[in-house]
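Enquirer: Below is the structure I would like to discuss, written out as structure tokens.
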Amino acid sequence: MGIVTPGFRGRPRPSGPELPPGQYLTEDFPVLSAGPTPRVPMDRWEFVITTETSREHRWSWTDLMALPSDTPTVDIHCVTKWSKLGTTWQGVSLDTLMSDVDTAADYALVHSYGGYTTNLPLSDLLDGRAWVAYRFDGDDLHPEHGGPARLLVPHLYFWKSAKWVRGIQLRFDDEPGFWESAGYHDYGDPWREQRYQGD
Amino acid sequence: MARAAVPGRLSWRVGRLAEARQETPTARTLVLDVPGWPGHLPGQHVDVRLTAEDGYSAQRSYSLAAPAEGGRVELTVQSVPEGEVSAYLTGVYSTGDPVELRGPVGGWFVWRPAGTQPVLLVAGGSGIVPLMAMIRSRRAAGSRVPFRLIYSVRTPGDVYYADELRRRARDDAGLDVTFVYTRAVPEGWPHPPRRIGVTVVNTNGWPPALTPDCYVCGPTGFVETVADILVALGHDPRRVRTERFGPTGG
């Protein structure tokens with residue numbers, strides 16, 4: 001426990017589900033991004049998985065829509081301290097997208113329209129834990145929240161759930177992404193409060 | 001696997017309130033003494049942690065409002081409705097009291113005093129805080145890089161750092177300050193209240209050909225609007241850095 005701040009009592013203690021350390025509950029959906037919101041014409045949108053041998057697997061928007069989708073309901077945790085519980089999405093599981101991809105890579109570097117990147121172990125994208133999501137709460141995903149499609153990896157801090165996702169590069173090494181190069185944690189497990197490098 | 005050197009852990013430090021200033025009826029600047037503070041760049045923020053006697057703790061992030069002076073750091077905190085942390089920091093927190101801080105955090109929304117590009121700062125409401133740190137750092141570093149600030153507020157009474165901004169606009173060579181009032185204007189102001197739009201940004205910003213570095217900070221809707229305007233005017237999206245304050249906070 002930290003030092004006591006005189007006179008600080010805080011909110012009435014939440015009685016609901018436990019949050020990761022240092023997080024607070026919000027009902028809103030705050031936006032966090034580093035630059036302008038990119039606008040991607042749907043007829044030019046594509047999602048590309050590139051293997052460590054430079055083999056490319058491509059999906060157009062039409063291809064993506066033709067794949068079976070899931071509607072996961074998940075809790076999300078942003079490194080800026082808010083958590084939002086029970087959010088419902090629609091998207092294509094990475095298991096589906098990876099089913100024909102032959103790879104021995106251990107890591108993934110995710111790329112977005114607009115230049116954003118984020119890194120994570122490939123295993124965190126598999127086994128029903130990650131999606132390319134295109135609907136939120138029954139609506140098309142709004143551009144400021146990453147539409148037309150974003151990665152959804154809810155078990156890690158939300159900066160790993162790259163907005164405006166355009167592809168995943170599979171790698172043998174763990175190349176730091178945008179925030180990871182700016183002092184944020186390489187893995188980012190909210191339950192272990194891995195916010196910054198060294199946490 | 002071999003790894004590059006990992007920077008040291010950001011550890012929690014204890015800061016004590018040395019001085020406080022009321023900026024508006026709902027915003028308060030806190031000057032903290034933080035022994036061992038490692039320094040920071042303008043635009044970076046800190047995490048603040050408050051702990052109650054029963055062990056309950058709450059953390060929030062706040063932008064640093066000024067360059068570090070040794071172990072002195074400045075934050076400006078806007079009180080938000082139902083904000084358990086901001087209500088404490090703006091209303092209860094007293095001189096000499098401890099809080100825990102760690103940082104500095106963030107390496108993207110920063111201005112480096114060695115920079116040579118013209119700078120456009122666009123603030124909405126409390127989004128002025130990290131931009132004020134840049135304005136203060138520019139002067140402290142003796143930089144002659146031209147700065148333009150467009151600062152949108154609801155009413156004249158909502159302006160943070162009002163006297164200092166007026167003085168700097170007069171005395172800091174190469175700093176231009178433009179105010180946009182959205183609900184009420186000062187007496188004799190040439191426009192009725194208005195929202196920021198293409199005309200204001202085009203007239204009071206920089207031409208894209210000068211490849212200025214643009215920093216936009218404020219509530220989400222404001223930042224979305226201004227960033228879209230800058231891109232539409234021809235600014236390179238990679239030179240438009242944004243920081244958004246969500247509709248909730250603490």
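Within each chain, counting starts at residue 1; across the structure tokens, chains are named A, B, ... in the order shown, with ligands numbered 1 upward in that order.
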Where in range 1-246 of chain B does DSSP assign strand (DSSP E), given as a VMD selection string?
Expert: chain B and resid 13 to 24 27 to 33 45 to 51 57 to 63 72 to 78 98 to 105 119 to 124 147 to 153 175 to 181 213 to 219 240 to 245
Enquirer: Please, which residues in chain B fall within 7 Å of chain A when counting only C-alpha atoms, and what is the closest atom pair and distance in Å to one decimal for each, ordered by chain then residue number, as JSON lines?
Expert:
{"residue": "B:Val6", "atom": "CA", "partner": "A:Gln197", "partner_atom": "CA", "distance": 6.9}
{"residue": "B:Pro7", "atom": "CA", "partner": "A:Gln197", "partner_atom": "CA", "distance": 6.7}
{"residue": "B:Gly8", "atom": "CA", "partner": "A:Gly198", "partner_atom": "CA", "distance": 6.1}
{"residue": "B:Arg9", "atom": "CA", "partner": "A:Gly198", "partner_atom": "CA", "distance": 4.3}
{"residue": "B:Leu50", "atom": "CA", "partner": "A:Thr5", "partner_atom": "CA", "distance": 5.8}
{"residue": "B:Thr51", "atom": "CA", "partner": "A:Val4", "partner_atom": "CA", "distance": 4.9}
{"residue": "B:Ala52", "atom": "CA", "partner": "A:Arg9", "partner_atom": "CA", "distance": 5.1}
{"residue": "B:Glu53", "atom": "CA", "partner": "A:Val4", "partner_atom": "CA", "distance": 5.9}
{"residue": "B:Gly55", "atom": "CA", "partner": "A:Met1", "partner_atom": "CA", "distance": 6.2}
{"residue": "B:Ala58", "atom": "CA", "partner": "A:Gly22", "partner_atom": "CA", "distance": 6.1}
{"residue": "B:Gln59", "atom": "CA", "partner": "A:Gly22", "partner_atom": "CA", "distance": 5.6}
{"residue": "B:Arg60", "atom": "CA", "partner": "A:Lys81", "partner_atom": "CA", "distance": 6.6}
{"residue": "B:Ser61", "atom": "CA", "partner": "A:Thr80", "partner_atom": "CA", "distance": 6.7}
{"residue": "B:Glu84", "atom": "CA", "partner": "A:Gly10", "partner_atom": "CA", "distance": 5.5}
{"residue": "B:Tyr88", "atom": "CA", "partner": "A:Phe8", "partner_atom": "CA", "distance": 6.6}
{"residue": "B:Asp97", "atom": "CA", "partner": "A:Pro6", "partner_atom": "CA", "distance": 6.8}
{"residue": "B:Pro98", "atom": "CA", "partner": "A:Thr5", "partner_atom": "CA", "distance": 6.0}
{"residue": "B:Val99", "atom": "CA", "partner": "A:Thr5", "partner_atom": "CA", "distance": 5.9}
{"residue": "B:Gly106", "atom": "CA", "partner": "A:Ala182", "partner_atom": "CA", "distance": 6.2}
{"residue": "B:Gly107", "atom": "CA", "partner": "A:Ala182", "partner_atom": "CA", "distance": 4.9}
{"residue": "B:Trp108", "atom": "CA", "partner": "A:Ala182", "partner_atom": "CA", "distance": 6.8}
{"residue": "B:Thr220", "atom": "CA", "partner": "A:Val31", "partner_atom": "CA", "distance": 6.5}
{"residue": "B:Glu224", "atom": "CA", "partner": "A:Pro36", "partner_atom": "CA", "distance": 6.9}
{"residue": "B:Ala227", "atom": "CA", "partner": "A:Pro36", "partner_atom": "CA", "distance": 5.1}
{"residue": "B:Asp228", "atom": "CA", "partner": "A:Pro36", "partner_atom": "CA", "distance": 6.4}
{"residue": "B:Pro237", "atom": "CA", "partner": "A:Pro36", "partner_atom": "CA", "distance": 6.2}
{"residue": "B:Val240", "atom": "CA", "partner": "A:Gly35", "partner_atom": "CA", "distance": 5.7}
{"residue": "B:Arg241", "atom": "CA", "partner": "A:Gly35", "partner_atom": "CA", "distance": 4.8}
{"residue": "B:Thr242", "atom": "CA", "partner": "A:Gly35", "partner_atom": "CA", "distance": 4.9}
{"residue": "B:Glu243", "atom": "CA", "partner": "A:Ala34", "partner_atom": "CA", "distance": 6.3}
{"residue": "B:Arg244", "atom": "CA", "partner": "A:Leu32", "partner_atom": "CA", "distance": 6.0}
{"residue": "B:Gly246", "atom": "CA", "partner": "A:Pro30", "partner_atom": "CA", "distance": 4.4}
{"residue": "B:Pro247", "atom": "CA", "partner": "A:Pro30", "partner_atom": "CA", "distance": 6.2}
{"residue": "B:Thr248", "atom": "CA", "partner": "A:Asp28", "partner_atom": "CA", "distance": 6.9}
Enquirer: Skip Leu30 in chain B itself and residues of its chain fewer than 6 positions away, then list as a list in words all residues within 8 Å of it, counting only C-alpha atoms.
Expert: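 With the cut-off at 8 Å, the set is Leu17, Ala18, Glu19, Ala20, Arg21, Glu74, Leu75, Thr76 and Val77 of chain B.
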Enquirer: For range 90-107 of chain A, please output as a PyMOL selection string all residues within 6 Å (counting only C-alpha atoms; exclusion window: fewer than 4 positions along the same chain).
Expert: chain A and resi 69-71+120-122+126+130-135+170-172+174
Enquirer: Let me make sure I understand: among A:Ile49, A:Leu109, A:Leu152, A:Met65, which one has the smallest atom-to-atom distance to Thr88 in chain A if we use only C-alpha atoms?
Expert: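 Ranking A:Ile49, A:Leu109, A:Leu152, A:Met65 by distance to Thr88 in chain A, first place goes to A:Leu152.
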Enquirer: Please return, as a PyMOL selection string, all residues of range 9-197 of chain A that DSSP assigns to helix (DSSP H, G or I) on the basis of the backbone.
Expert: chain A and resi 61-65+94-98+122-125+143-145+158-160+180-182+190-192
Enquirer: Could you jot down the CA of Val74 in chain A to CA of Tyr62 in chain B separation for me, Å, one decimal place?
Expert: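 CA of Tyr62 in chain B lies at a distance of 27.8 Å from CA of Val74 in chain A.
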Enquirer: Which value, in Å to one decimal, gives the distance between CA of Leu64 in chain A and CA of Ala108 in chain A?
Expert: 19.9 Å
Enquirer: Give me the residues within 12 Å of Trp45 in chain A as number ranges by chain, counting only C-alpha atoms and dropping any in the same chain fewer than 2 places off.
Expert: A: 38-43, 47-48, 58-64, 112-113, 147-149, 164-167
Enquirer: Kindly save the residues from that selection, with N, CA and C atoms included, as a PDB file, in the first residue's frame.
Expert:
ATOM      1  N   PRO A  38      -7.400   8.439 -39.423  1.00  0.00           N
ATOM      2  CA  PRO A  38      -7.286   8.176 -40.863  1.00  0.00           C
ATOM      3  C   PRO A  38      -8.628   7.761 -41.455  1.00  0.00           C
ATOM      4  N   ARG A  39      -8.902   8.174 -42.669  1.00  0.00           N
ATOM      5  CA  ARG A  39     -10.133   7.774 -43.376  1.00  0.00           C
ATOM      6  C   ARG A  39      -9.722   6.822 -44.485  1.00  0.00           C
ATOM      7  N   VAL A  40     -10.270   5.623 -44.446  1.00  0.00           N
ATOM      8  CA  VAL A  40      -9.883   4.602 -45.418  1.00  0.00           C
ATOM      9  C   VAL A  40     -11.077   4.290 -46.307  1.00  0.00           C
ATOM     10  N   PRO A  41     -10.970   4.573 -47.615  1.00  0.00           N
ATOM     11  CA  PRO A  41     -12.072   4.203 -48.515  1.00  0.00           C
ATOM     12  C   PRO A  41     -12.253   2.689 -48.508  1.00  0.00           C
ATOM     13  N   MET A  42     -13.512   2.251 -48.376  1.00  0.00           N
ATOM     14  CA  MET A  42     -13.748   0.815 -48.219  1.00  0.00           C
ATOM     15  C   MET A  42     -13.292   0.002 -49.434  1.00  0.00           C
ATOM     16  N   ASP A  43     -13.362   0.615 -50.619  1.00  0.00           N
ATOM     17  CA  ASP A  43     -12.964  -0.177 -51.804  1.00  0.00           C
ATOM     18  C   ASP A  43     -11.446  -0.352 -51.865  1.00  0.00           C
ATOM     19  N   PHE A  47      -6.689  -6.069 -45.476  1.00  0.00           N
ATOM     20  CA  PHE A  47      -6.007  -6.554 -44.286  1.00  0.00           C
ATOM     21  C   PHE A  47      -5.035  -7.627 -44.751  1.00  0.00           C
ATOM     22  N   VAL A  48      -3.764  -7.498 -44.334  1.00  0.00           N
ATOM     23  CA  VAL A  48      -2.715  -8.369 -44.864  1.00  0.00           C
ATOM     24  C   VAL A  48      -1.926  -8.992 -43.714  1.00  0.00           C
ATOM     25  N   ARG A  58      -4.051 -11.888 -48.004  1.00  0.00           N
ATOM     26  CA  ARG A  58      -4.810 -10.634 -48.118  1.00  0.00           C
ATOM     27  C   ARG A  58      -6.301 -10.850 -48.052  1.00  0.00           C
ATOM     28  N   TRP A  59      -6.967  -9.896 -47.419  1.00  0.00           N
ATOM     29  CA  TRP A  59      -8.427  -9.883 -47.403  1.00  0.00           C
ATOM     30  C   TRP A  59      -8.907  -8.496 -47.772  1.00  0.00           C
ATOM     31  N   SER A  60      -9.808  -8.407 -48.721  1.00  0.00           N
ATOM     32  CA  SER A  60     -10.497  -7.145 -48.984  1.00  0.00           C
ATOM     33  C   SER A  60     -11.628  -7.029 -47.961  1.00  0.00           C
ATOM     34  N   TRP A  61     -12.326  -5.880 -47.974  1.00  0.00           N
ATOM     35  CA  TRP A  61     -13.460  -5.726 -47.054  1.00  0.00           C
ATOM     36  C   TRP A  61     -14.518  -6.800 -47.323  1.00  0.00           C
ATOM     37  N   THR A  62     -14.771  -7.038 -48.609  1.00  0.00           N
ATOM     38  CA  THR A  62     -15.758  -8.056 -48.979  1.00  0.00           C
ATOM     39  C   THR A  62     -15.314  -9.438 -48.489  1.00  0.00           C
ATOM     40  N   ASP A  63     -14.028  -9.726 -48.643  1.00  0.00           N
ATOM     41  CA  ASP A  63     -13.514 -11.017 -48.157  1.00  0.00           C
ATOM     42  C   ASP A  63     -13.745 -11.151 -46.653  1.00  0.00           C
ATOM     43  N   LEU A  64     -13.446 -10.056 -45.925  1.00  0.00           N
ATOM     44  CA  LEU A  64     -13.564 -10.106 -44.463  1.00  0.00           C
ATOM     45  C   LEU A  64     -15.016 -10.352 -44.055  1.00  0.00           C
ATOM     46  N   SER A 112      -1.209  -0.216 -38.639  1.00  0.00           N
ATOM     47  CA  SER A 112      -2.491   0.445 -38.854  1.00  0.00           C
ATOM     48  C   SER A 112      -2.401   1.443 -39.991  1.00  0.00           C
ATOM     49  N   TYR A 113      -3.558   1.745 -40.611  1.00  0.00           N
ATOM     50  CA  TYR A 113      -3.650   2.917 -41.476  1.00  0.00           C
ATOM     51  C   TYR A 113      -3.309   4.127 -40.615  1.00  0.00           C
ATOM     52  N   GLY A 147     -12.715   2.453 -36.585  1.00  0.00           N
ATOM     53  CA  GLY A 147     -13.380   1.939 -37.771  1.00  0.00           C
ATOM     54  C   GLY A 147     -12.668   2.343 -39.052  1.00  0.00           C
ATOM     55  N   PRO A 148     -12.779   1.560 -40.104  1.00  0.00           N
ATOM     56  CA  PRO A 148     -13.767   0.484 -40.252  1.00  0.00           C
ATOM     57  C   PRO A 148     -13.466  -0.773 -39.434  1.00  0.00           C
ATOM     58  N   ALA A 149     -12.200  -1.040 -39.130  1.00  0.00           N
ATOM     59  CA  ALA A 149     -11.915  -2.257 -38.372  1.00  0.00           C
ATOM     60  C   ALA A 149     -10.701  -2.045 -37.490  1.00  0.00           C
ATOM     61  N   TRP A 164      -7.859   1.041 -36.720  1.00  0.00           N
ATOM     62  CA  TRP A 164      -7.619   1.188 -38.159  1.00  0.00           C
ATOM     63  C   TRP A 164      -6.608   0.130 -38.672  1.00  0.00           C
ATOM     64  N   VAL A 165      -6.763  -1.079 -38.144  1.00  0.00           N
ATOM     65  CA  VAL A 165      -5.767  -2.118 -38.437  1.00  0.00           C
ATOM     66  C   VAL A 165      -5.713  -2.396 -39.941  1.00  0.00           C
ATOM     67  N   ARG A 166      -4.487  -2.566 -40.434  1.00  0.00           N
ATOM     68  CA  ARG A 166      -4.329  -2.901 -41.858  1.00  0.00           C
ATOM     69  C   ARG A 166      -3.515  -4.158 -42.068  1.00  0.00           C
ATOM     70  N   GLY A 167      -2.818  -4.623 -41.040  1.00  0.00           N
ATOM     71  CA  GLY A 167      -2.079  -5.856 -41.248  1.00  0.00           C
ATOM     72  C   GLY A 167      -1.281  -6.285 -40.045  1.00  0.00           C
TER      73      GLY A 167
END
Enquirer: Name all residues at most 12 Å from Tyr151 in chain B (count only C-alpha atoms; drop same-chain ones fewer than 2 positions away) and give them as a ChimeraX atom specification.
Expert: /B:120-129,131-132,148-149,153-156,158-162,165,176-182,195-196,200-201,204-205,215-218,222,226
Enquirer: Give me, please, the distance in Å between CA of Tyr187 in chain A and CA of Ile168 in chain A, quoted to one decimal.
Expert: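 If I compute the distance from CA of Tyr187 in chain A to CA of Ile168 in chain A, I get 16.4 Å.
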